[in-house]
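*Asks:* What follows is a structure written as structure tokens; I'll ask about it next.
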Amino acid sequence: MKPIILMSAIALLMSTGLASAADPILGNWKTTLGDTAAIEPCGGGFCITLKSGKHAGEKIGAFEGGGGSYSGKITDPDAKKTYNGTISVSGDTVILKGCVMKVVCESQKWSRQ
């Protein structure tokens, strides 16, 4: 009986990993400046790291959520300021929105590479 329980637990862990691997936010995205940003799993959520451009290698965001709707923090790498933000995914487009006190907000659309 114990081998069946162990195999069931292993199958559950593997299916959980596959579900997060298929999350629509994952992948490489072309920013409004033409740079590449990678959104990858990190911790219990997702991190955004710039892969090209003058800020290549910098982590600029950390988000949690799933199914196309996420919230967290986004950093403007030029200003070195971090804002509360949201990301929504629709097909091959993400819309990032960063806000100061939920009053002043700016949005960007990125496309999947």
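Convention: chains lettered A, B, ... in structure tokens order; per-chain residue numbering from 1; ligands numbered from 1 as shown.
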If DSSP is run on the backbone, what residues of chain A are alpha helix (DSSP H)? A reply as a ChimeraX atom specification would be ideal.

*Replies:* /A:2-21

*Asks:* Using 9 Å as the limit and counting only C-alpha atoms, can you tabulate each residue of segment 71-97 of chain A that touches segment 37-60 of chain A, with its shortest atom-to-atom distance in Å and the two atoms involved, as a tab-separated table?

*Replies:*
```
residue	atom	partner	partner_atom	distance
A:Lys73	CA	A:Ile60	CA	8.2
A:Ile74	CA	A:Ile60	CA	5.7
A:Thr75	CA	A:Ile60	CA	4.8
A:Asp76	CA	A:Ile60	CA	7.0
A:Pro77	CA	A:Ile60	CA	6.7
A:Asp78	CA	A:His55	CA	8.3
A:Thr82	CA	A:Ile60	CA	8.4
```

*Asks:* DSSP on the backbone, strand (DSSP E or B) only: what residues of segment 42-79 of chain A does that give? Format it as a ChimeraX atom specification.

*Replies:* /A:42,45-50,59-66,69-76

*Asks:* Atom CA of Lys30 of chain A and atom CA of Lys109 of chain A, how far apart in Å?

*Replies:*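 So the answer is 8.9 Å.
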
*Asks:* Which residue, A:Arg112, A:Leu33, A:Gly68, A:Ser107, has the smallest gap to Ser90 of chain A when you use only C-alpha atoms?

*Replies:*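 Using only C-alpha atoms, the shortest distance to Ser90 of chain A belongs to A:Gly68.
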
*Asks:* Please measure the separation of atom CA of Glu64 of chain A and atom CA of Gln108 of chain A, giving the value in Å to one decimal.

*Replies:* 18.5 Å

*Asks:* Quick check, in Å to one decimal: how far apart do atom CA of Ala62 of chain A and atom CA of Pro24 of chain A lie?

*Replies:*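 Those two atoms sit 15.5 Å apart.
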
*Asks:* Need to verify the contact set: Val100 of chain A, 10 Å, only C-alpha atoms, exclusion of same-chain residues closer than 4 positions in sequence. Can you return it as a PyMOL selection string?

*Replies:* chain A and resi 82-85+104-106

*Asks:* Next, write the just-selected residues to a file, as a PDB file, in the first residue's frame, keeping N, CA, C and O atoms as the atom set.

*Replies:*
```pdb
ATOM      1  N   THR A  82      10.527  51.581  -7.476  1.00  0.00           N
ATOM      2  CA  THR A  82       9.684  50.399  -7.515  1.00  0.00           C
ATOM      3  C   THR A  82       8.243  50.792  -7.211  1.00  0.00           C
ATOM      4  O   THR A  82       7.980  51.596  -6.319  1.00  0.00           O
ATOM      5  N   TYR A  83       7.319  50.195  -7.971  1.00  0.00           N
ATOM      6  CA  TYR A  83       5.900  50.523  -7.863  1.00  0.00           C
ATOM      7  C   TYR A  83       5.073  49.264  -7.688  1.00  0.00           C
ATOM      8  O   TYR A  83       5.492  48.174  -8.085  1.00  0.00           O
ATOM      9  N   ASN A  84       3.875  49.420  -7.107  1.00  0.00           N
ATOM     10  CA  ASN A  84       2.909  48.332  -7.094  1.00  0.00           C
ATOM     11  C   ASN A  84       2.446  48.146  -8.530  1.00  0.00           C
ATOM     12  O   ASN A  84       2.249  49.131  -9.251  1.00  0.00           O
ATOM     13  N   GLY A  85       2.281  46.904  -8.937  1.00  0.00           N
ATOM     14  CA  GLY A  85       1.906  46.685 -10.321  1.00  0.00           C
ATOM     15  C   GLY A  85       1.036  45.476 -10.536  1.00  0.00           C
ATOM     16  O   GLY A  85       0.847  44.647  -9.645  1.00  0.00           O
ATOM     17  N   VAL A 104      -1.819  57.469  -9.704  1.00  0.00           N
ATOM     18  CA  VAL A 104      -1.061  57.770 -10.916  1.00  0.00           C
ATOM     19  C   VAL A 104      -0.509  56.452 -11.449  1.00  0.00           C
ATOM     20  O   VAL A 104       0.312  55.812 -10.804  1.00  0.00           O
ATOM     21  N   CYS A 105      -0.981  56.053 -12.624  1.00  0.00           N
ATOM     22  CA  CYS A 105      -0.593  54.765 -13.184  1.00  0.00           C
ATOM     23  C   CYS A 105      -0.075  54.934 -14.615  1.00  0.00           C
ATOM     24  O   CYS A 105      -0.495  55.845 -15.325  1.00  0.00           O
ATOM     25  N   GLU A 106       0.829  54.044 -14.997  1.00  0.00           N
ATOM     26  CA  GLU A 106       1.316  53.965 -16.370  1.00  0.00           C
ATOM     27  C   GLU A 106       1.280  52.521 -16.799  1.00  0.00           C
ATOM     28  O   GLU A 106       1.490  51.619 -15.999  1.00  0.00           O
TER      29      GLU A 106
END
```
